[in-house]
>>> print(open('input31.cif').read())   # mmCIF, C-alpha atoms
data_model
loop_
_atom_site.label_atom_id
_atom_site.label_comp_id
_atom_site.auth_asym_id
_atom_site.auth_seq_id
_atom_site.Cartn_x
_atom_site.Cartn_y
_atom_site.Cartn_z
CA MET A 18 58.07 -31.84 13.78
CA THR A 19 56.31 -32.79 16.94
CA THR A 20 53.35 -31.59 18.93
CA ALA A 21 53.24 -30.53 22.54
CA ARG A 22 50.80 -33.32 23.41
CA ARG A 23 53.12 -36.01 22.15
CA MET A 24 55.80 -34.73 24.52
CA ARG A 25 53.17 -34.70 27.31
CA LEU A 26 53.32 -30.92 27.39
CA ALA A 27 50.38 -28.55 27.40
CA GLY A 28 50.33 -24.85 26.64
CA CYS A 29 48.25 -22.73 29.00
CA HIS A 30 45.40 -20.88 27.31
CA GLU A 31 45.58 -17.92 29.66
CA CYS A 32 49.26 -17.15 30.02
CA GLY A 33 50.95 -19.19 27.29
CA GLN A 34 53.19 -21.11 29.68
CA LEU A 35 54.16 -24.58 28.50
CA SER A 36 54.17 -27.19 31.24
CA ARG A 37 54.34 -30.92 31.78
CA LEU A 38 50.94 -32.50 32.21
CA PRO A 39 51.07 -36.07 33.57
CA GLN A 40 47.29 -36.69 33.52
CA GLN A 41 44.61 -35.47 31.17
CA HIS A 42 43.75 -32.48 33.33
CA GLY A 43 45.69 -30.25 35.64
CA HIS A 44 46.40 -26.66 36.52
CA CYS A 45 48.93 -24.25 35.11
CA PRO A 46 51.79 -23.87 37.62
CA ARG A 47 52.18 -20.20 36.73
CA CYS A 48 48.64 -18.78 36.60
CA GLY A 49 46.48 -21.58 38.04
CA ALA A 50 44.16 -21.88 35.04
CA ALA A 51 42.73 -25.26 34.08
CA LEU A 52 45.13 -27.11 31.81
CA HIS A 53 44.37 -29.84 29.31
CA PHE A 54 45.82 -31.19 26.07
CA ARG A 55 42.62 -30.44 24.15
CA LYS A 56 39.56 -28.49 25.19
CA PRO A 57 37.31 -30.99 27.03
CA ALA A 58 34.33 -32.31 25.01
CA SER A 59 35.12 -29.72 22.36
CA LEU A 60 33.15 -31.30 19.52
CA ALA A 61 30.07 -32.07 21.64
CA ARG A 62 29.90 -28.54 23.03
CA THR A 63 30.44 -26.95 19.65
CA TRP A 64 27.65 -29.11 18.19
CA ALA A 65 25.29 -28.19 21.02
CA TYR A 66 25.80 -24.43 20.64
CA LEU A 67 25.67 -24.67 16.86
CA ILE A 68 22.38 -26.60 16.76
CA ALA A 69 20.80 -24.18 19.23
CA ALA A 70 21.99 -21.25 17.12
CA MET A 71 20.62 -22.82 13.93
CA ILE A 72 17.18 -23.30 15.49
CA LEU A 73 17.05 -19.72 16.75
CA TYR A 74 18.24 -18.37 13.41
CA ILE A 75 14.76 -19.14 12.02
CA PRO A 76 12.74 -16.89 14.39
CA ALA A 77 15.51 -14.31 14.18
CA ASN A 78 14.81 -13.95 10.47
CA THR A 79 11.06 -14.50 10.33
CA LEU A 80 9.85 -12.48 13.31
CA PRO A 81 9.83 -8.67 13.20
CA MET A 82 13.07 -7.02 14.26
CA MET A 83 11.82 -3.48 14.39
CA ILE A 84 8.29 -2.16 14.87
CA THR A 85 7.75 1.35 13.54
CA GLY A 86 4.67 3.25 14.60
CA SER A 87 3.47 6.47 12.98
CA ILE A 88 0.25 8.35 12.37
CA VAL A 89 -0.53 6.15 9.37
CA GLY A 90 -0.24 2.94 11.40
CA THR A 91 2.34 0.46 12.61
CA GLN A 92 4.75 -1.43 10.42
CA SER A 93 6.84 -4.47 11.37
CA ASP A 94 10.12 -5.10 9.66
CA THR A 95 12.12 -8.30 9.66
CA ILE A 96 15.84 -8.04 9.10
CA LEU A 97 15.44 -8.85 5.43
CA SER A 98 12.57 -6.44 4.79
CA GLY A 99 14.61 -3.73 6.54
CA VAL A 100 17.44 -4.40 4.10
CA VAL A 101 15.04 -4.35 1.15
CA TYR A 102 13.61 -1.05 2.38
CA LEU A 103 17.09 0.47 2.63
CA TRP A 104 17.95 -0.83 -0.83
CA THR A 105 14.83 0.56 -2.49
CA SER A 106 15.20 3.91 -0.76
CA GLY A 107 18.61 4.29 -2.39
CA ASP A 108 20.92 3.60 0.55
CA TRP A 109 22.45 0.62 -1.15
CA PRO A 110 25.88 0.74 0.57
CA ILE A 111 24.18 0.63 3.98
CA ALA A 112 21.77 -2.01 2.71
CA ALA A 113 24.71 -4.16 1.61
CA LEU A 114 26.48 -3.61 4.93
CA VAL A 115 23.44 -4.61 7.00
CA PHE A 116 22.70 -7.56 4.70
CA PHE A 117 26.25 -8.78 5.01
CA ALA A 118 26.56 -8.27 8.77
CA SER A 119 23.17 -9.58 9.86
CA ILE A 120 22.24 -12.22 7.31
CA MET A 121 25.36 -13.46 5.53
CA VAL A 122 27.79 -13.44 8.44
CA PRO A 123 25.69 -15.57 10.85
CA LEU A 124 24.72 -17.95 8.06
CA LEU A 125 28.24 -18.39 6.67
CA LYS A 126 29.57 -18.67 10.19
CA MET A 127 27.23 -21.53 11.00
CA ILE A 128 28.07 -23.29 7.73
CA ALA A 129 31.80 -22.84 8.43
CA ILE A 130 31.53 -24.29 11.93
CA LEU A 131 29.47 -27.16 10.54
CA LEU A 132 32.19 -27.87 7.98
CA LEU A 133 34.93 -27.75 10.64
CA LEU A 134 32.92 -30.04 12.93
CA ILE A 135 32.19 -32.64 10.26
CA THR A 136 35.76 -32.74 8.93
CA CYS A 137 37.21 -32.99 12.44
CA GLN A 138 34.79 -35.69 13.46
CA ARG A 139 35.71 -37.75 10.41
CA ARG A 140 39.37 -37.11 11.21
CA SER A 141 39.81 -35.66 7.76
CA ARG A 142 43.25 -34.58 6.59
CA TRP A 143 41.81 -32.35 3.92
CA GLN A 144 43.36 -28.87 3.60
CA PRO A 145 44.33 -28.09 7.20
CA GLN A 146 45.88 -24.77 6.17
CA GLN A 147 42.64 -23.61 4.59
CA ARG A 148 40.51 -24.91 7.44
CA ILE A 149 42.56 -23.10 10.09
CA LYS A 150 42.16 -19.91 8.07
CA LEU A 151 38.42 -20.51 8.00
CA TYR A 152 38.45 -20.92 11.77
CA ARG A 153 40.34 -17.66 12.25
CA LEU A 154 37.89 -15.88 9.96
CA VAL A 155 34.93 -17.26 11.94
CA GLU A 156 36.47 -16.07 15.20
CA PHE A 157 37.20 -12.63 13.82
CA VAL A 158 33.96 -11.93 12.02
CA GLY A 159 31.40 -13.24 14.52
CA ARG A 160 31.08 -10.13 16.65
CA TRP A 161 30.06 -7.94 13.70
CA SER A 162 26.67 -9.62 13.58
CA MET A 163 25.67 -7.58 16.62
CA LEU A 164 25.38 -4.60 14.28
CA ASP A 165 21.63 -4.81 13.76
CA ILE A 166 20.97 -5.14 17.49
CA TYR A 167 22.84 -1.88 18.10
CA VAL A 168 21.02 -0.13 15.26
CA VAL A 169 17.67 -1.09 16.79
CA THR A 170 18.89 -0.02 20.24
CA ILE A 171 19.82 3.45 19.04
CA LEU A 172 16.76 3.95 16.85
CA ALA A 173 14.34 2.75 19.54
CA ALA A 174 15.87 5.04 22.13
CA LEU A 175 15.93 8.02 19.82
CA VAL A 176 12.70 7.95 17.85
CA GLN A 177 10.04 8.49 20.50
CA VAL A 178 7.91 11.38 19.31
CA GLN A 179 4.56 11.01 21.04
CA SER A 180 1.95 9.64 18.59
CA LEU A 181 3.94 10.96 15.64
CA ALA A 182 6.60 8.32 15.26
CA SER A 183 8.02 5.61 17.48
CA ILE A 184 10.35 2.68 16.97
CA ALA A 185 10.46 -0.41 19.17
CA ALA A 186 12.59 -3.56 19.12
CA GLY A 187 10.64 -6.63 18.01
CA PRO A 188 10.86 -10.24 19.23
CA ALA A 189 13.46 -11.10 16.57
CA ALA A 190 15.95 -8.86 18.38
CA VAL A 191 15.98 -11.29 21.32
CA ALA A 192 16.39 -14.33 19.05
CA PHE A 193 19.07 -12.61 17.02
CA ALA A 194 21.10 -11.50 20.04
CA VAL A 195 21.00 -15.08 21.34
CA VAL A 196 22.09 -16.42 17.93
CA VAL A 197 25.14 -14.14 18.00
CA VAL A 198 26.05 -15.26 21.52
CA LEU A 199 25.53 -18.93 20.69
CA THR A 200 27.65 -18.83 17.53
CA MET A 201 30.41 -17.04 19.43
CA LEU A 202 30.28 -19.67 22.19
CA SER A 203 30.29 -22.37 19.53
CA ALA A 204 33.43 -20.97 17.90
CA MET A 205 35.08 -20.56 21.31
CA SER A 206 34.44 -24.15 22.37
CA PHE A 207 35.88 -25.51 19.14
CA ASP A 208 39.50 -26.56 19.54
CA PRO A 209 41.44 -25.72 16.33
CA ARG A 210 44.11 -28.25 17.27
CA LEU A 211 41.62 -30.98 16.34
CA ILE A 212 42.14 -29.94 12.72
CA TRP A 213 45.80 -30.95 12.95
CA ASP A 214 45.49 -34.04 15.13
CA PRO A 215 44.74 -36.53 12.33
CA LEU A 216 47.88 -35.41 10.49
CA ASP A 217 50.05 -35.77 13.58
CA ASP A 218 48.62 -39.17 14.46
CA GLY A 219 49.22 -40.37 10.92
CA GLN A 220 52.82 -39.25 11.15
CA GLU A 221 53.19 -41.24 14.36
CA GLN A 222 51.91 -44.43 12.76
CA THR A 223 54.02 -44.24 9.63
CA GLY A 224 57.35 -44.11 11.36
CA GLU A 225 59.84 -42.01 13.26
CA PRO A 226 59.71 -43.46 16.76
CA HIS A 227 59.24 -40.49 19.02
CA GLU A 228 59.65 -42.02 22.45
CA SER A 229 62.82 -40.22 23.49
CA GLU A 230 65.01 -39.47 26.46
CA HIS A 231 62.68 -39.99 29.43
CA MET B 3 65.78 -31.20 25.36
CA PRO B 4 65.01 -28.37 27.78
CA SER B 5 62.22 -29.10 30.20
CA ALA B 6 59.32 -26.71 30.38
CA SER B 7 59.76 -25.77 34.02
CA ASP B 8 63.08 -24.02 33.58
CA SER B 9 62.01 -22.19 30.43
CA ALA B 10 60.33 -19.32 32.28
CA SER B 11 63.13 -18.53 34.69
CA ALA B 12 65.43 -16.73 32.25
CA PRO B 13 64.87 -13.06 33.13
CA ALA B 14 66.90 -11.07 30.65
CA GLY B 15 69.08 -11.56 27.59
CA ALA B 16 68.25 -13.78 24.65
CA SER B 17 67.30 -17.32 25.49
CA PHE B 18 65.54 -20.11 23.66
CA GLU B 19 62.32 -21.42 25.05
CA LEU B 20 59.82 -24.03 24.00
CA ILE B 21 56.39 -22.84 23.04
CA ALA B 22 53.30 -24.61 21.72
CA CYS B 23 51.07 -23.09 19.08
CA HIS B 24 47.55 -22.50 20.37
CA GLU B 25 46.00 -23.38 17.06
CA CYS B 26 47.87 -26.51 15.97
CA ASP B 27 49.84 -27.62 19.06
CA GLN B 28 53.12 -27.53 17.12
CA LEU B 29 56.05 -27.49 19.51
CA GLN B 30 58.64 -24.91 18.54
CA GLN B 31 61.47 -22.79 19.83
CA LEU B 32 60.89 -19.19 20.72
CA ARG B 33 63.87 -16.89 20.97
CA TYR B 34 63.12 -14.54 23.85
CA PRO B 35 63.07 -11.60 23.39
CA PRO B 36 61.84 -12.21 19.83
CA ALA B 37 63.38 -10.32 16.94
CA SER B 38 60.02 -9.33 15.45
CA ARG B 39 56.86 -7.87 16.94
CA ILE B 40 54.72 -10.81 15.89
CA VAL B 41 55.98 -14.37 15.97
CA ARG B 42 54.05 -16.79 13.81
CA CYS B 43 53.74 -20.54 14.04
CA CYS B 44 56.05 -22.38 11.65
CA ARG B 45 53.31 -24.80 10.64
CA CYS B 46 49.92 -23.07 10.64
CA GLY B 47 50.93 -19.41 10.60
CA GLY B 48 48.92 -18.51 13.69
CA VAL B 49 50.23 -15.79 16.01
CA VAL B 50 52.33 -17.55 18.65
CA TYR B 51 53.68 -14.48 20.38
CA ARG B 52 53.27 -10.73 20.34
CA TYR B 53 56.18 -8.76 21.60
CA HIS B 54 57.02 -5.14 22.14
CA PRO B 55 60.01 -4.12 24.30
CA ASP B 56 57.87 -1.58 26.12
CA ALA B 57 54.52 -3.35 25.88
CA LEU B 58 53.33 -2.94 29.48
CA ASN B 59 54.10 0.75 29.61
CA ARG B 60 52.50 1.37 26.25
CA THR B 61 49.35 -0.56 27.09
CA LEU B 62 49.04 1.25 30.41
CA ALA B 63 49.32 4.66 28.76
CA LEU B 64 46.84 3.78 26.04
CA THR B 65 44.43 2.30 28.59
CA VAL B 66 44.41 5.47 30.70
CA ALA B 67 43.72 7.52 27.57
CA ALA B 68 40.99 5.11 26.46
CA LEU B 69 39.40 5.20 29.92
CA LEU B 70 39.16 9.00 29.84
CA LEU B 71 37.62 8.92 26.37
CA PHE B 72 35.20 6.24 27.50
CA ILE B 73 34.01 8.46 30.34
CA VAL B 74 33.39 11.25 27.81
CA ALA B 75 31.59 8.77 25.54
CA ASN B 76 29.23 7.89 28.38
CA ALA B 77 28.70 11.36 29.79
CA PHE B 78 27.38 13.05 26.66
CA PRO B 79 24.62 12.22 24.17
CA ILE B 80 25.61 10.17 21.13
CA VAL B 81 23.27 11.83 18.64
CA ALA B 82 20.36 14.22 18.70
CA ILE B 83 17.67 14.46 16.05
CA ASP B 84 15.44 17.33 15.15
CA MET B 85 12.10 15.89 14.08
CA GLN B 86 9.68 18.65 13.13
CA GLY B 87 10.73 20.80 16.04
CA ASN B 88 11.04 17.98 18.56
CA VAL B 89 14.68 17.66 19.57
CA LEU B 90 15.45 14.18 20.88
CA SER B 91 18.75 12.82 22.01
CA THR B 92 20.12 9.68 23.57
CA SER B 93 23.23 8.60 25.40
CA MET B 94 24.76 5.12 25.69
CA LEU B 95 23.18 4.58 29.09
CA GLY B 96 19.88 6.09 27.97
CA ALA B 97 19.61 3.66 25.05
CA ILE B 98 20.16 0.66 27.34
CA GLU B 99 17.69 2.01 29.89
CA HIS B 100 15.06 2.42 27.20
CA LEU B 101 15.49 -1.18 26.01
CA TRP B 102 15.22 -2.37 29.60
CA SER B 103 12.00 -0.47 30.23
CA THR B 104 10.35 -1.64 26.99
CA HIS B 105 9.84 -5.42 27.05
CA VAL B 106 13.28 -6.53 25.80
CA PRO B 107 15.46 -6.91 28.92
CA VAL B 108 17.48 -9.78 27.36
CA VAL B 109 18.68 -7.51 24.59
CA ALA B 110 19.25 -4.70 27.09
CA ILE B 111 21.51 -6.97 29.15
CA MET B 112 23.42 -8.04 26.03
CA VAL B 113 23.93 -4.47 24.89
CA ALA B 114 24.92 -3.34 28.40
CA LEU B 115 27.45 -6.17 28.73
CA THR B 116 29.09 -5.73 25.35
CA THR B 117 29.26 -1.95 25.21
CA LEU B 118 29.50 -0.92 28.83
CA VAL B 119 30.39 -3.59 31.39
CA VAL B 120 33.05 -5.53 29.49
CA PRO B 121 34.94 -2.50 28.08
CA THR B 122 34.93 -0.79 31.50
CA LEU B 123 36.03 -3.98 33.20
CA THR B 124 38.82 -4.56 30.66
CA MET B 125 40.22 -1.07 31.07
CA LEU B 126 39.95 -0.99 34.87
CA LEU B 127 41.57 -4.43 35.17
CA LEU B 128 44.43 -3.41 32.90
CA VAL B 129 45.07 -0.24 34.91
CA TYR B 130 44.79 -2.13 38.19
CA VAL B 131 47.29 -4.79 37.10
CA LEU B 132 49.71 -2.70 35.04
CA ALA B 133 50.06 0.44 37.17
CA PRO B 134 51.47 -1.36 40.25
CA LEU B 135 53.68 -3.51 38.00
CA GLN B 136 55.23 -0.39 36.50
CA LEU B 137 55.79 0.97 40.02
CA GLY B 138 57.47 -2.25 41.00
CA TYR B 139 55.10 -4.25 43.15
CA ARG B 140 52.63 -7.07 42.65
CA PRO B 141 48.95 -6.10 42.64
CA PRO B 142 47.04 -8.43 45.00
CA GLY B 143 44.73 -10.91 43.31
CA ALA B 144 46.43 -10.53 39.92
CA PRO B 145 46.11 -14.17 38.71
CA ALA B 146 42.33 -14.32 39.14
CA LEU B 147 41.88 -10.87 37.61
CA LEU B 148 44.04 -11.72 34.60
CA ARG B 149 41.91 -14.81 34.05
CA LEU B 150 38.80 -12.62 34.20
CA LEU B 151 40.39 -10.29 31.65
CA HIS B 152 41.10 -13.20 29.32
CA LEU B 153 37.53 -14.46 29.71
CA SER B 154 35.82 -11.12 29.08
CA ARG B 155 38.02 -9.98 26.20
CA PRO B 156 36.02 -11.37 23.25
CA TRP B 157 32.79 -9.83 24.56
CA GLY B 158 33.73 -6.17 24.30
CA MET B 159 32.20 -4.86 21.06
CA ILE B 160 32.62 -1.09 21.11
CA GLU B 161 33.77 -1.00 17.48
CA VAL B 162 30.63 -2.81 16.31
CA TYR B 163 28.57 -0.39 18.39
CA LEU B 164 30.16 2.57 16.63
CA LEU B 165 29.29 1.08 13.24
CA GLY B 166 25.73 0.54 14.51
CA ILE B 167 25.49 4.20 15.49
CA LEU B 168 26.71 5.26 12.05
CA VAL B 169 24.17 3.00 10.32
CA SER B 170 21.38 4.44 12.51
CA ILE B 171 22.46 7.97 11.61
CA VAL B 172 22.25 7.16 7.90
CA LYS B 173 18.81 5.62 8.44
CA LEU B 174 17.59 8.68 10.34
CA MET B 175 18.91 11.23 7.87
CA ALA B 176 15.91 10.55 5.64
CA TYR B 177 13.46 11.75 8.31
CA ALA B 178 15.20 14.28 10.49
CA SER B 179 18.26 16.44 10.77
CA VAL B 180 20.89 14.60 12.78
CA ILE B 181 23.24 16.37 15.19
CA PRO B 182 26.23 14.24 16.24
CA GLY B 183 27.06 14.51 19.94
CA ALA B 184 30.33 14.64 21.85
CA SER B 185 30.02 10.95 22.65
CA LEU B 186 30.19 10.01 18.98
CA TRP B 187 33.50 11.86 18.49
CA ALA B 188 34.87 10.26 21.64
CA LEU B 189 33.91 6.80 20.36
CA ILE B 190 35.54 7.46 16.99
CA LEU B 191 38.79 8.33 18.78
CA LEU B 192 38.39 5.47 21.21
CA ILE B 193 38.34 2.62 18.66
CA PRO B 194 41.95 2.98 17.38
CA LEU B 195 43.15 3.53 20.95
CA MET B 196 41.53 0.31 22.15
CA ALA B 197 42.88 -1.61 19.16
CA ALA B 198 46.40 -0.37 19.92
CA MET B 199 45.90 -1.09 23.62
CA MET B 200 45.11 -4.77 23.03
CA GLY B 201 47.37 -5.14 20.00
CA THR B 202 50.80 -4.83 21.60
CA LEU B 203 50.22 -7.02 24.60
CA HIS B 204 50.68 -10.75 25.07
CA PRO B 205 49.54 -11.98 28.52
CA ASP B 206 52.81 -13.87 28.84
CA GLN B 207 54.63 -10.55 29.22
CA ILE B 208 52.48 -9.56 32.22
CA TRP B 209 53.18 -12.95 33.74
CA ARG B 210 56.93 -12.63 33.23
CA ARG B 211 56.86 -9.30 35.08
CA LEU B 212 54.76 -10.79 37.87
CA GLU B 213 57.22 -13.63 38.22
CA GLN B 214 60.19 -11.28 38.37
CA LEU B 215 58.57 -9.46 41.27
CA ALA B 216 57.56 -12.57 43.17
#
>>> encode(input="input31.cif", output="structure tokens")
Amino acid sequence: MTTARRMRLAGCHECGQLSRLPQQHGHCPRCGAALHFRKPASLARTWAYLIAAMILYIPANTLPMMITGSIVGTQSDTILSGVVYLWTSGDWPIAALVFFASIMVPLLKMIAILLLLITCQRRSRWQPQQRIKLYRLVEFVGRWSMLDIYVVTILAALVQVQSLASIAAGPAAVAFAVVVVLTMLSAMSFDPRLIWDPLDDGQEQTGEPHESEH
Amino acid sequence: MPSASDSASAPAGASFELIACHECDQLQQLRYPPASRIVRCCRCGGVVYRYHPDALNRTLALTVAALLLFIVANAFPIVAIDMQGNVLSTSMLGAIEHLWSTHVPVVAIMVALTTLVVPTLTMLLLVYVLAPLQLGYRPPGAPALLRLLHLSRPWGMIEVYLLGILVSIVKLMAYASVIPGASLWALILLIPLMAAMMGTLHPDQIWRRLEQLA
């Protein structure tokens, strides 16, 4: 059991080619992409995107997402009140879907990244198998938060009956779209190999001399 | 121990190569061509390699089909609603245009990028790179374009968009009669095609072909 870094090898992120990397940074001989053992400043970047996303998550949920105008007056809906409205009007499967995609997914995603960041920073060896699964889940599920943005896009473009009914996107749409982008960037800048590094380093200290044939 | 530089130069027949897992940096041997379609890491279980004997051909065919469907999806309205005699409809471009013209250009740019620019770019890049490769010559500028493809890949969100459209339809059904447009059917067919298009391909296989032709 050995890692590529210990053999001074680095796998290219773009093309998968494994090549010898004498310094910390270099370029892939096959495709020319930047090559490094670990993503540079991974934890700092992930923190930065995550904190920005957390701050914007507040206006995304408190400001109105959708402004509906009709003859009786205008009504502003936040994401949550939109879900409540769907729920009370009997569309509970759609209500659950929107609640899950726009409220639970971003929140759980931020908590998951926070957990990964803290454990990696403390060089924890706790449950790497489970943590890598969490990371894969975060990467897979993040894009589905865009759901509410698309719903507002379609509704706003469609419902434009002069003075009778109109729907417009509210300020929360901007904040929410940025939250989705920031959490995706945060997950992308996190290097999952950091989860395994403490285990590998521990193995190196406890024995099996690995300086071989070169 | 085989060095990394000579690992890529075995063109045909089974050979053993070193490969590093992207998610845990575990160094392991890859038998090329692999016996199974998906090769998983021996430590963390992450996908190390995707292989299909005819991957490039398959992806090219699926991409051409997806591109045609995508043109249909953009040329026709997604849905029309009949609201007390007012028939309103919107297309993918129309929805983005409307967001742009009403005070939320940031969201408009996000929606345009994720549902229009990135999917178009992905498909055009794949056709541009794969078609010449199948005909037996190197497309100029391939390395930079493949890097662009890798970079833009996570930002295409057509499948989320389709779900958004379906949610909007359910929301609208309470107020108006909804008439699904040709674009909606095209999108429904497009999603499995795009999933299959990306699913069989590992970038390493494109690079192997490029190297053979160099």
>>> atom_distance(input="input31.cif", atom1="CA of Leu32 (chain B)", atom2="CA of Asp206 (chain B)")
12.6 Å
>>> closest_atom_pairs(input="input31.cif", of="chain A", to="chain B", cutoff="7 Å", atoms="all atoms listed in the file", output="Markdown table")
| residue | atom | partner | partner_atom | distance |
| --- | --- | --- | --- | --- |
| A:Thr19 | CA | B:Leu29 | CA | 5.9 |
| A:Thr20 | CA | B:Gln28 | CA | 4.5 |
| A:Ala21 | CA | B:Leu29 | CA | 5.1 |
| A:Gly28 | CA | B:Ala22 | CA | 5.8 |
| A:Glu31 | CA | B:Arg149 | CA | 6.5 |
| A:Cys32 | CA | B:Asp206 | CA | 5.0 |
| A:Gly33 | CA | B:Asp206 | CA | 5.8 |
| A:Leu35 | CA | B:Ala6 | CA | 5.9 |
| A:Ser36 | CA | B:Ala6 | CA | 5.2 |
| A:Arg37 | CA | B:Ala6 | CA | 6.7 |
| A:Cys48 | CA | B:Pro145 | CA | 5.7 |
| A:Ile111 | CA | B:Val169 | CA | 6.8 |
| A:Gln146 | CA | B:Cys46 | CA | 6.3 |
| A:Arg160 | CA | B:Met159 | CA | 7.0 |
| A:Trp161 | CA | B:Val162 | CA | 5.8 |
| A:Met163 | CA | B:Val162 | CA | 6.9 |
| A:Leu164 | CA | B:Gly166 | CA | 5.2 |
| A:Asp165 | CA | B:Gly166 | CA | 6.8 |
| A:Tyr167 | CA | B:Gly166 | CA | 5.2 |
| A:Val168 | CA | B:Gly166 | CA | 4.8 |
| A:Thr170 | CA | B:Ala97 | CA | 6.1 |
| A:Ile171 | CA | B:Ala97 | CA | 6.0 |
| A:Leu172 | CA | B:Ser170 | CA | 6.4 |
| A:Ala174 | CA | B:Ala97 | CA | 4.9 |
| A:Leu175 | CA | B:Thr92 | CA | 5.9 |
| A:Ala190 | CA | B:Val109 | CA | 6.9 |
| A:Val191 | CA | B:Val109 | CA | 5.7 |
| A:Ala194 | CA | B:Val109 | CA | 6.5 |
| A:Pro209 | CA | B:Glu25 | CA | 5.2 |
| A:Arg210 | CA | B:Cys26 | CA | 4.3 |
| A:Trp213 | CA | B:Cys26 | CA | 5.8 |
>>> resolve_selection(input="input31.cif", expression="the PyMOL selection byres ((chain A and resi 187) around 10)", output="list in words")
Ala77, Leu80, Pro81, Met82, Met83, Ile84, Thr85, Ser93, Asp94, Thr95, Val169, Ile184, Ala185, Ala186, Pro188, Ala189, Ala190, Val191 and Ala192 of chain A; His105 and Val106 of chain B
>>> resolve_selection(input="input31.cif", expression="the PyMOL selection byres ((chain A and resi 51) around 12)", output="ChimeraX atom specification")
/A:27-32,36,38,41-50,52-57 /B:149
>>> resolve_selection(input="input31.cif", expression="the PyMOL selection byres ((chain A and resi 200) around 8)", output="count of residues only")
15
>>> axis_aligned_box(input="input31.cif", around="region 24-33 of chain B", padding_each_side="3 Å", output="AutoDock Vina command-line options")
--center_x 54.9 --center_y -22.3 --center_z 18.5 --size_x 23.9 --size_y 16.7 --size_z 11.0
>>> atom_distance(input="input31.cif", atom1="CA of Val178 (chain A)", atom2="CA of Pro79 (chain B)")
17.4 Å
>>> atom_distance(input="input31.cif", atom1="CA of Pro121 (chain B)", atom2="CA of Ala68 (chain B)")
9.9 Å
>>> closest_residue(input="input31.cif", among="B:Ser185, B:Phe18, B:Leu137, B:Ile193", to="Asn59 (chain B)", atoms="all atoms listed in the file")
B:Leu137
>>> residues_around(input="input31.cif", residues="Pro36 (chain B)", least_positions_apart="2", cutoff="9 Å", atoms="all atoms listed in the file", output="list in words")
Ala16, Leu32, Arg33, Tyr34, Ser38, Arg39, Ile40, Val41, Tyr51, Arg52, Tyr53 and His54 of chain B
>>> residues_around(input="input31.cif", residues="Phe207 (chain A)", least_positions_apart="2", cutoff="6 Å", atoms="only C-alpha atoms", output="PyMOL selection string")
chain A and resi 59+63+204-205
>>> build_atoms(input="input31.cif", residues="region 201-212 of chain B", atoms="N, CA and C atoms", output="PDB file, in the frame of the given file")
ATOM      1  N   GLY B 201      46.529  -4.598  21.054  1.00  0.00           N
ATOM      2  CA  GLY B 201      47.370  -5.140  20.000  1.00  0.00           C
ATOM      3  C   GLY B 201      48.808  -5.437  20.392  1.00  0.00           C
ATOM      4  N   THR B 202      49.375  -4.642  21.317  1.00  0.00           N
ATOM      5  CA  THR B 202      50.800  -4.830  21.600  1.00  0.00           C
ATOM      6  C   THR B 202      51.053  -5.856  22.702  1.00  0.00           C
ATOM      7  N   LEU B 203      49.990  -6.252  23.379  1.00  0.00           N
ATOM      8  CA  LEU B 203      50.220  -7.020  24.600  1.00  0.00           C
ATOM      9  C   LEU B 203      49.985  -8.516  24.425  1.00  0.00           C
ATOM     10  N   HIS B 204      50.900  -9.324  24.921  1.00  0.00           N
ATOM     11  CA  HIS B 204      50.680 -10.750  25.070  1.00  0.00           C
ATOM     12  C   HIS B 204      50.644 -11.018  26.572  1.00  0.00           C
ATOM     13  N   PRO B 205      49.651 -11.776  27.068  1.00  0.00           N
ATOM     14  CA  PRO B 205      49.540 -11.980  28.520  1.00  0.00           C
ATOM     15  C   PRO B 205      50.827 -12.529  29.142  1.00  0.00           C
ATOM     16  N   ASP B 206      51.567 -13.294  28.330  1.00  0.00           N
ATOM     17  CA  ASP B 206      52.810 -13.870  28.840  1.00  0.00           C
ATOM     18  C   ASP B 206      53.753 -12.793  29.383  1.00  0.00           C
ATOM     19  N   GLN B 207      53.720 -11.602  28.767  1.00  0.00           N
ATOM     20  CA  GLN B 207      54.630 -10.550  29.220  1.00  0.00           C
ATOM     21  C   GLN B 207      54.234 -10.031  30.604  1.00  0.00           C
ATOM     22  N   ILE B 208      52.926  -9.939  30.882  1.00  0.00           N
ATOM     23  CA  ILE B 208      52.480  -9.560  32.220  1.00  0.00           C
ATOM     24  C   ILE B 208      52.942 -10.610  33.232  1.00  0.00           C
ATOM     25  N   TRP B 209      52.796 -11.877  32.827  1.00  0.00           N
ATOM     26  CA  TRP B 209      53.180 -12.950  33.740  1.00  0.00           C
ATOM     27  C   TRP B 209      54.682 -12.965  34.012  1.00  0.00           C
ATOM     28  N   ARG B 210      55.476 -12.694  33.010  1.00  0.00           N
ATOM     29  CA  ARG B 210      56.930 -12.630  33.230  1.00  0.00           C
ATOM     30  C   ARG B 210      57.259 -11.562  34.264  1.00  0.00           C
ATOM     31  N   ARG B 211      56.602 -10.383  34.137  1.00  0.00           N
ATOM     32  CA  ARG B 211      56.860  -9.300  35.080  1.00  0.00           C
ATOM     33  C   ARG B 211      56.418  -9.694  36.487  1.00  0.00           C
ATOM     34  N   LEU B 212      55.256 -10.345  36.563  1.00  0.00           N
ATOM     35  CA  LEU B 212      54.760 -10.790  37.870  1.00  0.00           C
ATOM     36  C   LEU B 212      55.739 -11.762  38.516  1.00  0.00           C
TER      37      LEU B 212
END
